[in-house]
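**Q** Sharing upload_15.cif here; it has mmCIF, C-alpha atoms.
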data_coords
#
loop_
_atom_site.label_atom_id
_atom_site.label_comp_id
_atom_site.auth_asym_id
_atom_site.auth_seq_id
_atom_site.Cartn_x
_atom_site.Cartn_y
_atom_site.Cartn_z
CA MET A 4 0.00 0.00 0.00
CA THR A 5 1.31 3.47 -0.85
CA ASP A 6 1.75 6.17 1.79
CA ASP A 7 -1.19 8.05 0.31
CA GLY A 8 -3.40 4.98 0.43
CA ARG A 9 -2.33 4.27 4.00
CA ILE A 10 -3.07 7.86 5.05
CA ASP A 11 -6.49 7.60 3.41
CA GLY A 12 -7.07 4.31 5.18
CA TYR A 13 -6.24 5.72 8.61
CA ALA A 14 -8.30 8.88 7.94
CA ALA A 15 -11.30 6.78 6.90
CA ALA A 16 -10.98 4.60 9.99
CA LEU A 17 -10.73 7.61 12.32
CA PHE A 18 -13.67 9.25 10.53
CA GLU A 19 -15.84 6.18 10.93
CA VAL A 20 -14.94 5.75 14.61
CA ALA A 21 -15.67 9.41 15.44
CA LYS A 22 -18.87 9.31 13.41
CA ALA A 23 -20.01 6.14 15.14
CA GLU A 24 -19.25 7.70 18.50
CA GLY A 25 -21.34 10.71 17.49
CA THR A 26 -18.51 13.11 18.35
CA LEU A 27 -17.23 13.81 14.87
CA ASP A 28 -17.25 17.62 15.09
CA GLU A 29 -15.53 17.70 18.46
CA VAL A 30 -13.03 14.97 17.68
CA GLU A 31 -12.25 16.52 14.31
CA ASP A 32 -11.57 19.86 15.95
CA GLU A 33 -9.40 18.38 18.70
CA LEU A 34 -7.44 16.27 16.25
CA PHE A 35 -6.89 19.33 14.07
CA ARG A 36 -5.53 21.34 16.98
CA PHE A 37 -3.31 18.49 18.11
CA ALA A 38 -1.97 18.01 14.57
CA ARG A 39 -1.00 21.70 14.40
CA SER A 40 0.69 21.50 17.80
CA PHE A 41 2.46 18.35 16.65
CA GLU A 42 3.74 20.19 13.57
CA ALA A 43 4.83 23.22 15.59
CA SER A 44 6.70 21.37 18.32
CA ASP A 45 9.98 19.73 17.32
CA SER A 46 10.38 17.97 20.64
CA LEU A 47 6.84 16.56 20.61
CA ARG A 48 7.29 15.37 17.03
CA ALA A 49 10.69 13.84 17.79
CA THR A 50 9.36 12.03 20.84
CA LEU A 51 6.22 10.61 19.26
CA THR A 52 8.05 9.43 16.13
CA ASP A 53 11.08 7.99 17.90
CA GLU A 54 11.04 4.26 17.16
CA SER A 55 13.55 3.62 19.94
CA ILE A 56 10.89 4.61 22.49
CA PRO A 57 8.50 1.69 23.13
CA ALA A 58 5.03 2.19 21.61
CA GLY A 59 3.41 1.86 25.04
CA LYS A 60 5.49 4.69 26.40
CA ARG A 61 4.69 6.93 23.43
CA GLN A 62 1.00 6.18 23.88
CA ALA A 63 1.30 7.02 27.57
CA ILE A 64 2.80 10.40 26.61
CA VAL A 65 -0.17 11.04 24.30
CA GLU A 66 -2.60 10.15 27.07
CA ASP A 67 -0.79 12.44 29.51
CA LEU A 68 -0.92 15.31 27.03
CA LEU A 69 -4.46 14.91 25.76
CA GLY A 70 -6.18 13.10 28.60
CA PRO A 71 -7.29 16.12 30.62
CA LYS A 72 -7.99 18.34 27.60
CA ALA A 73 -9.60 16.20 24.89
CA THR A 74 -12.34 13.65 24.55
CA ALA A 75 -11.54 10.02 25.17
CA THR A 76 -12.15 9.26 21.49
CA THR A 77 -9.57 11.81 20.36
CA THR A 78 -7.01 10.53 22.85
CA GLN A 79 -7.59 6.94 21.80
CA LEU A 80 -7.35 7.75 18.09
CA VAL A 81 -4.10 9.68 18.43
CA SER A 82 -2.74 6.97 20.71
CA MET A 83 -3.65 4.34 18.13
CA VAL A 84 -1.89 6.22 15.30
CA VAL A 85 1.24 6.88 17.39
CA GLY A 86 1.27 3.31 18.74
CA SER A 87 1.13 1.87 15.23
CA GLY A 88 4.26 3.80 14.29
CA ARG A 89 2.46 6.30 12.04
CA GLY A 90 3.11 9.36 14.21
CA ARG A 91 5.06 11.05 11.43
CA GLU A 92 1.95 10.87 9.22
CA LEU A 93 -0.45 12.11 11.91
CA PRO A 94 -0.91 15.66 10.50
CA ALA A 95 -1.62 14.30 7.01
CA ILE A 96 -4.06 11.72 8.42
CA VAL A 97 -5.87 14.40 10.43
CA ASP A 98 -5.99 16.79 7.46
CA ARG A 99 -7.47 14.02 5.35
CA LEU A 100 -9.99 13.27 8.12
CA VAL A 101 -11.01 16.94 8.32
CA GLU A 102 -11.31 17.08 4.53
CA ARG A 103 -13.41 13.94 4.53
CA ALA A 104 -15.68 15.30 7.30
CA SER A 105 -16.01 18.64 5.51
CA ASN A 106 -16.82 16.93 2.21
CA ALA A 107 -19.48 14.89 3.98
CA LYS A 108 -21.09 18.14 5.06
CA SER A 109 -20.25 19.92 1.75
CA LEU A 110 -18.03 22.40 3.60
CA ALA A 111 -14.69 23.96 2.71
CA VAL A 112 -12.03 23.75 5.41
CA ALA A 113 -10.76 27.15 6.56
CA GLU A 114 -7.61 27.05 8.68
CA VAL A 115 -7.44 30.22 10.72
CA ARG A 116 -4.42 31.24 12.76
CA SER A 117 -4.76 33.87 15.42
CA ALA A 118 -2.49 35.11 18.18
CA VAL A 119 -5.36 34.85 20.67
CA GLU A 120 -8.37 32.62 21.00
CA LEU A 121 -11.50 33.76 19.11
CA THR A 122 -14.81 34.14 20.87
CA ALA A 123 -17.78 32.10 19.67
CA ASP A 124 -19.29 35.24 18.19
CA GLN A 125 -16.08 36.05 16.33
CA ARG A 126 -15.93 32.47 15.03
CA ASP A 127 -19.48 32.71 13.72
CA ARG A 128 -18.93 36.06 12.08
CA LEU A 129 -15.58 34.96 10.65
CA THR A 130 -17.19 31.78 9.29
CA ALA A 131 -19.86 33.85 7.62
CA ALA A 132 -17.34 36.36 6.27
CA LEU A 133 -15.13 33.63 4.83
CA ALA A 134 -18.15 31.88 3.31
CA ASN A 135 -19.09 35.16 1.71
CA ALA A 136 -15.51 35.69 0.47
CA VAL A 137 -14.95 32.26 -1.08
CA GLY A 138 -18.56 31.45 -1.98
CA LYS A 139 -18.65 28.18 -0.01
CA GLU A 140 -19.88 27.04 3.37
CA ILE A 141 -16.97 26.91 5.78
CA ASN A 142 -15.70 24.36 8.30
CA LEU A 143 -13.67 26.72 10.50
CA LYS A 144 -10.56 25.40 12.23
CA VAL A 145 -8.86 27.89 14.54
CA VAL A 146 -5.26 27.50 15.62
CA VAL A 147 -3.86 29.78 18.30
CA ASP A 148 -0.42 30.70 17.01
CA PRO A 149 1.51 33.41 18.91
CA ALA A 150 3.93 33.63 15.99
CA VAL A 151 1.41 35.69 14.01
CA LEU A 152 1.80 38.39 16.74
CA GLY A 153 -1.65 39.86 16.08
CA GLY A 154 -4.53 39.67 13.60
CA ILE A 155 -5.60 36.64 11.59
CA VAL A 156 -4.47 34.60 8.59
CA ALA A 157 -7.07 32.37 6.96
CA THR A 158 -6.31 29.62 4.44
CA VAL A 159 -9.16 28.12 2.42
CA GLY A 160 -7.84 25.64 -0.13
CA ASP A 161 -5.30 27.57 -2.18
CA THR A 162 -6.62 30.96 -1.03
CA VAL A 163 -4.73 32.77 1.73
CA ILE A 164 -6.13 35.90 3.36
CA ASP A 165 -3.43 37.41 5.53
CA GLY A 166 -4.15 40.19 8.01
CA THR A 167 -1.47 39.44 10.58
CA VAL A 168 1.02 41.76 12.20
CA ARG A 169 3.64 39.19 11.29
CA SER A 170 2.99 39.65 7.55
CA HIS A 171 3.19 43.44 7.96
CA LEU A 172 6.50 43.10 9.74
CA ASP A 173 7.75 40.74 7.03
CA GLN A 174 6.77 43.27 4.36
CA LEU A 175 8.55 45.98 6.32
CA MET A 176 11.64 43.78 6.57
CA SER A 177 11.59 43.13 2.84
CA ARG A 178 11.24 46.83 2.06
CA LEU A 179 14.18 47.57 4.35
CA MET B 2 154.07 -29.66 -83.78
CA ASN B 3 153.94 -32.15 -80.97
CA VAL B 4 152.78 -31.63 -77.48
CA LEU B 5 156.15 -31.10 -76.05
CA SER B 6 156.86 -28.43 -78.49
CA LEU B 7 153.50 -26.79 -77.66
CA ILE B 8 154.25 -26.82 -73.97
CA ALA B 9 157.60 -25.46 -74.59
CA ALA B 10 156.00 -22.72 -76.62
CA VAL B 11 153.54 -21.89 -73.83
CA ALA B 12 156.30 -21.90 -71.28
CA GLU B 13 158.17 -19.61 -73.45
CA ASP B 14 155.09 -17.38 -73.67
CA GLU B 15 154.73 -17.36 -69.90
CA GLU B 16 158.21 -16.23 -69.70
CA HIS B 17 157.18 -13.51 -72.06
CA ILE B 18 154.24 -12.79 -69.85
CA ASP B 19 156.35 -12.50 -66.90
CA GLN B 20 158.24 -10.22 -68.96
CA SER B 21 155.39 -7.89 -70.18
CA HIS B 22 156.21 -4.99 -72.33
CA HIS B 23 154.27 -2.58 -70.14
CA TRP B 24 153.80 -2.56 -66.46
CA LEU B 25 150.09 -1.45 -66.77
CA LEU B 26 148.67 -2.66 -70.09
CA PRO B 27 148.08 -6.40 -70.67
CA GLU B 28 149.26 -8.24 -73.61
CA THR B 29 147.41 -7.82 -76.86
CA TYR B 30 146.03 -11.33 -76.95
CA GLU B 31 144.75 -10.87 -73.43
CA ILE B 32 142.96 -7.79 -74.55
CA VAL B 33 141.53 -9.64 -77.51
CA PHE B 34 140.42 -12.70 -75.56
CA GLY B 35 139.37 -10.65 -72.60
CA GLY B 36 137.41 -8.32 -74.83
CA LEU B 37 135.77 -11.20 -76.64
CA ALA B 38 134.98 -12.89 -73.38
CA SER B 39 133.62 -9.66 -72.00
CA LEU B 40 131.51 -9.14 -75.10
CA LEU B 41 130.29 -12.70 -74.81
CA ILE B 42 129.38 -12.29 -71.19
CA PHE B 43 127.86 -8.89 -71.79
CA GLY B 44 125.86 -10.31 -74.69
CA LEU B 45 124.70 -13.19 -72.54
CA LEU B 46 123.77 -10.75 -69.87
CA VAL B 47 121.89 -8.57 -72.33
CA TRP B 48 120.22 -11.56 -73.88
CA LYS B 49 119.24 -13.36 -70.71
CA ALA B 50 119.13 -10.75 -67.96
CA GLY B 51 118.05 -7.80 -70.12
CA PRO B 52 114.37 -8.74 -70.33
CA LEU B 53 114.32 -9.50 -66.65
CA VAL B 54 115.92 -6.19 -65.85
CA LYS B 55 113.66 -4.47 -68.33
CA LYS B 56 110.63 -6.22 -66.88
CA GLY B 57 111.76 -5.39 -63.35
CA LEU B 58 112.29 -1.78 -64.32
CA ALA B 59 108.90 -1.66 -66.02
CA ALA B 60 107.31 -3.19 -62.95
CA ARG B 61 109.10 -0.76 -60.73
CA THR B 62 108.10 2.10 -63.03
CA GLU B 63 104.56 0.82 -62.95
CA ARG B 64 104.69 0.49 -59.17
CA VAL B 65 106.12 3.96 -58.79
CA GLN B 66 103.53 5.27 -61.22
CA SER B 67 100.84 3.47 -59.28
CA GLN B 68 102.16 4.94 -56.08
CA LEU B 69 102.25 8.32 -57.72
CA ASP B 70 98.65 7.83 -58.91
CA VAL B 71 97.58 6.79 -55.45
CA ALA B 72 99.41 9.73 -53.96
CA THR B 73 97.80 12.03 -56.53
CA LYS B 74 94.40 10.57 -55.79
CA GLU B 75 94.99 10.83 -52.08
CA LYS B 76 96.13 14.37 -52.53
CA ALA B 77 93.00 15.11 -54.58
CA ASP B 78 90.89 13.40 -51.95
CA ALA B 79 92.65 15.32 -49.20
CA THR B 80 92.15 18.51 -51.14
CA ALA B 81 88.48 17.65 -51.66
CA GLU B 82 88.12 16.74 -48.02
CA ALA B 83 89.87 19.94 -47.03
CA ASP B 84 87.51 21.82 -49.31
CA GLU B 85 84.58 19.92 -47.79
CA ILE B 86 85.83 20.71 -44.30
CA ARG B 87 86.31 24.33 -45.24
CA ARG B 88 82.86 24.39 -46.80
CA ALA B 89 81.41 22.58 -43.79
CA LYS B 90 83.18 24.98 -41.52
CA GLY B 91 81.66 27.78 -43.50
CA ASP B 92 78.28 26.04 -43.32
CA ILE B 93 78.69 25.53 -39.60
CA GLY B 94 79.49 29.18 -39.20
CA ALA B 95 76.46 30.11 -41.26
CA GLU B 96 74.30 27.60 -39.38
CA ARG B 97 75.63 28.91 -36.11
CA THR B 98 74.79 32.42 -37.18
CA ARG B 99 71.35 31.30 -38.36
CA LEU B 100 70.71 29.36 -35.15
CA LEU B 101 71.83 32.27 -33.03
CA ALA B 102 69.61 34.61 -35.02
CA GLU B 103 66.71 32.16 -34.73
CA ALA B 104 67.34 31.75 -30.99
CA ASP B 105 67.46 35.51 -30.61
CA GLY B 106 64.19 35.79 -32.54
CA GLN B 107 62.55 33.09 -30.47
CA ALA B 108 63.82 34.60 -27.24
CA GLU B 109 62.52 37.97 -28.34
CA ALA B 110 59.16 36.47 -29.29
CA LEU B 111 59.00 34.59 -25.99
CA LEU B 112 59.84 37.71 -24.07
CA ALA B 113 57.25 39.70 -25.99
CA ASP B 114 54.67 36.95 -25.51
CA GLY B 115 55.54 36.61 -21.83
CA ARG B 116 55.36 40.36 -21.42
CA GLN B 117 51.96 40.47 -23.11
CA ARG B 118 50.70 37.52 -21.07
CA MET B 119 51.97 39.05 -17.88
CA GLU B 120 50.34 42.34 -18.74
CA ARG B 121 47.09 40.52 -19.49
CA GLU B 122 47.33 38.58 -16.23
CA ILE B 123 48.09 41.73 -14.30
CA ALA B 124 45.11 43.41 -15.98
CA ASP B 125 42.92 40.38 -15.19
CA LEU B 126 44.14 40.30 -11.60
CA LEU B 127 43.50 43.99 -11.24
CA ALA B 128 40.04 43.63 -12.76
CA LYS B 129 39.30 40.64 -10.53
CA ALA B 130 40.61 42.46 -7.48
CA GLU B 131 38.46 45.46 -8.31
CA SER B 132 35.50 43.17 -8.93
CA ASP B 133 36.16 41.33 -5.65
CA ILE B 134 36.47 44.61 -3.81
CA ALA B 135 33.25 45.85 -5.38
CA ALA B 136 31.53 42.53 -4.60
CA ALA B 137 32.87 42.57 -1.05
CA GLU B 138 31.76 46.16 -0.68
CA SER B 139 28.35 45.30 -2.11
CA ARG B 140 28.17 42.17 0.04
CA GLY B 141 29.21 44.18 3.03
CA ASN B 142 26.56 46.75 2.23
CA ASP B 143 23.99 44.02 1.69
CA GLU B 144 24.98 42.30 4.92
CA LEU B 145 24.92 45.61 6.74
CA ARG B 146 21.56 46.43 5.19
CA ALA B 147 20.22 42.98 6.09
CA GLU B 148 21.62 43.34 9.58
CA ILE B 149 20.01 46.75 9.97
CA ALA B 150 16.77 45.42 8.53
CA GLY B 151 16.91 42.42 10.86
CA LEU B 152 17.61 44.63 13.86
CA ALA B 153 14.89 47.06 12.81
CA ALA B 154 12.43 44.21 12.28
CA ALA B 155 13.37 42.67 15.62
CA ALA B 156 13.00 46.04 17.29
CA ALA B 157 9.68 46.60 15.56
CA GLU B 158 8.50 43.14 16.56
CA ARG B 159 9.58 43.79 20.12
CA VAL B 160 7.75 47.12 20.16
CA VAL B 161 4.65 45.59 18.58
CA THR B 162 4.70 42.63 20.97
CA ASP B 163 5.10 44.92 23.94
CA HIS B 164 2.33 47.23 22.84
CA ILE B 165 -0.28 44.80 21.52
CA ASP B 166 -2.76 44.35 24.34
CA ARG B 167 -6.03 42.50 24.44
CA ASP B 168 -7.95 45.43 22.97
CA THR B 169 -5.52 45.75 20.09
CA HIS B 170 -5.85 42.01 19.39
CA GLN B 171 -9.59 42.36 19.31
CA GLU B 172 -9.42 45.39 17.05
CA LEU B 173 -7.18 43.51 14.64
CA ILE B 174 -9.52 40.49 14.63
CA GLU B 175 -12.60 42.65 14.14
CA SER B 176 -10.86 44.58 11.39
CA PHE B 177 -9.98 41.33 9.63
CA ILE B 178 -13.52 39.98 9.91
CA SER B 179 -14.94 43.22 8.57
CA ARG B 180 -12.49 43.33 5.69
CA VAL B 181 -13.12 39.70 4.71
CA GLY B 182 -16.86 40.15 5.12
CA ALA B 183 -16.77 43.17 2.86
CA SER B 184 -15.15 41.18 0.07
CA SER B 185 -17.22 38.84 -2.06
CA GLY B 186 -16.10 35.91 -4.22
CA GLY B 187 -12.42 36.78 -3.87
CA ALA B 188 -9.61 37.04 -1.38
CA GLY B 189 -7.44 39.91 -0.13
#
Please render this file's structure as structure tokens.
**A**
Amino acid sequence: MTDDGRIDGYAAALFEVAKAEGTLDEVEDELFRFARSFEASDSLRATLTDESIPAGKRQAIVEDLLGPKATATTTQLVSMVVGSGRGRELPAIVDRLVERASNAKSLAVAEVRSAVELTADQRDRLTAALANAVGKEINLKVVVDPAVLGGIVATVGDTVIDGTVRSHLDQLMSRL
Amino acid sequence: MNVLSLIAAVAEDEEHIDQSHHWLLPETYEIVFGGLASLLIFGLLVWKAGPLVKKGLAARTERVQSQLDVATKEKADATAEADEIRRAKGDIGAERTRLLAEADGQAEALLADGRQRMEREIADLLAKAESDIAAAESRGNDELRAEIAGLAAAAAERVVTDHIDRDTHQELIESFISRVGASSGGAG
């Protein structure tokens, strides 16, 4: 089986489990956040993909990290992926799961990065604004990323709408 | 005449002999017999030894002539060789002169070529040095500019980070939502 096929297989399995549990939206959101944290943290990624660490120990680390913050389904799914030695492919599996869940609801995935957490009202209004901008219903995924410094950057498919302080600073740097 | 009388006659002659008429000249008959005998011997010599002597003389003449011919030939050869040596000596002198002239020409050409090459290399080195200096200057300027830009950006980031409070965050978020909401069917 190719890597792509394997990623699809894992994503489909996770999707079916979350759907059967009736916690698809919540699990999808938690998995998305964890995948972004996994991508952002070198030490977390190195630990969870280190084959020299026994699978049980890696799974215990996942449970310690997610246990108090996420649903049991999310913790178990991440633990299963890491335990099977597919930790390196976790972000791709989660992205495929989110895409699959969005397609099931005919939604476009919008990844939004903000320096601070958005309120529910801001999420709703941002969802509506993005839907208006791209002409599709939106499945909003918010990632709190202090690196943007301030403002928001939204990615919907190939479209990037950047209103962050970071991008302004980068433009300033390039002009300098 | 019997034998006794003949002997007596001879004895008488001997007495005459002993009693020659001249102290230096022989008797006439001695001259006659001696002359005849001499002529006979001389004739025999001429007859028998003459051809041998003549042949020996001819051979000697021929040998001497041959030696003279050889000597003449050797002299001619020596003269020719001397001429050849003189000519070769002249050729060697000319060749030496030609070689020296050629060597001088080649040395001159090499010097000229080396001088030109050296001048070209010096020009290239100078151009490269100037180019390197310009590049280093430009690189230095670029690095300095990048350093200044980096410091300015870091300072700006620091200032922004220090001055963005909760209200500013909210204003930025609201501004973004408003801007995106105002657009339709596109992205900004």
**Q** Using the chain letters and numbers from the file, which residues does the PyMOL selection byres ((chain A) within 7 of (chain B)) grab, as a PyMOL selection string?
**A** chain A and resi 129+132-133+135-138+152-155+162+164+166+172+176+179
**Q** Can you tell me, as a PyMOL selection string, which residues sit within 6 Å of (-1.6, 33.9, 17.8) in the file's frame, using all atoms listed in the file?
**A** chain A and resi 117-119+147-152
**Q** Quick one: distance from atom CA of A:Leu27 to atom CA of A:Ala104 in Å, one decimal?
**A**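 One can read the atom CA of A:Leu27 to atom CA of A:Ala104 distance as 7.9 Å.
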**Q** Suppose a student applies the PyMOL selection byres ((chain A and resi 61) around 9) to this structure; what residues should they get, written as a list in words?
**A** Thr50, Leu51, Thr52, Asp53, Ile56, Pro57, Ala58, Gly59, Lys60, Gln62, Ala63, Ile64, Val65, Glu66, Ser82, Val85 and Gly86 of chain A
**Q** At what distance in Å, to one decimal, does atom CA of B:Thr98 lie from atom CA of B:Arg116?
**A**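 Taking atom CA of B:Arg116 and atom CA of B:Thr98, their separation equals 26.2 Å.
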**Q** Using all atoms listed in the file, find the one residue out of A:Val159, A:Val168, A:Leu175, A:Val146 that sits nearest to A:Glu42.
**A**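 Looking only at the distances to A:Glu42, the closest residue turns out to be A:Val146.
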**Q** Measuring atom to atom with all atoms listed in the file, identify which of A:Asp124, A:Glu33, A:Glu54, A:Asp28 is nearest to A:Arg89.
**A**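 Counting all atoms listed in the file, the residue closest to A:Arg89 is A:Glu54.
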**Q** Taking every listed atom of stretch 126-133 of chain B and adding 6 Å to each side, what centre and edge lengths in Å (one decimal) does the axis-aligned box have, as lines of an AutoDock Vina configuration file?
**A**
center_x = 39.8
center_y = 42.9
center_z = -9.2
size_x = 20.6
size_y = 17.2
size_z = 19.1
**Q** Between atom CA of A:Glu29 and atom CA of A:Thr76, what is the distance in Å, rounded to a tenth?
**A**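 Atom CA of A:Thr76 lies at a distance of 9.6 Å from atom CA of A:Glu29.
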**Q** If we count all atoms listed in the file and set the cut-off at 7 Å, which residues sit around stretch 35-41 of chain A, ignoring sequence neighbours fewer than 3 positions away in its own chain? Please answer as a VMD selection string.
**A** chain A and resid 31 to 32 44 47 to 48 93 to 94 97 146
**Q** Under the rule that only C-alpha atoms are counted, which of A:Val115, A:Leu143, A:Ala107, A:Ala123 is the nearest residue to A:Lys22?
**A**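 Smallest distance to A:Lys22 is found for A:Ala107.
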**Q** Translate the PyMOL selection byres ((chain A and resi 110-113) around 7) into a concrete residue list for this structure, as a list of chain:residue names.
**A**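 For this structure, the PyMOL selection byres ((chain A and resi 110-113) around 7) captures A:Glu102, A:Ser105, A:Asn106, A:Lys108, A:Ser109, A:Glu114, A:Val115, A:Lys139, A:Glu140, A:Ile141, A:Asn142, A:Leu143, A:Lys144, A:Ala157, A:Thr158, A:Val159.
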**Q** Tell me which protein, DNA and RNA residues are within 12 Å of stretch 6-8 of chain A, counting only C-alpha atoms, leaving out same-chain ones fewer than 3 positions away, and put them as a ChimeraX atom specification.
**A** /A:11-15,89,91-93,95-96,99
**Q** Can I get the selection written as a CSV table (one decimal), in the frame of the given file, with C-alpha atoms?
**A**
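Printed below is selection_20.csv as written:
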chain,number,residue,atom,x,y,z
A,11,ASP,CA,-6.5,7.6,3.4
A,12,GLY,CA,-7.1,4.3,5.2
A,13,TYR,CA,-6.2,5.7,8.6
A,14,ALA,CA,-8.3,8.9,7.9
A,15,ALA,CA,-11.3,6.8,6.9
A,89,ARG,CA,2.5,6.3,12.0
A,91,ARG,CA,5.1,11.0,11.4
A,92,GLU,CA,2.0,10.9,9.2
A,93,LEU,CA,-0.4,12.1,11.9
A,95,ALA,CA,-1.6,14.3,7.0
A,96,ILE,CA,-4.1,11.7,8.4
A,99,ARG,CA,-7.5,14.0,5.4
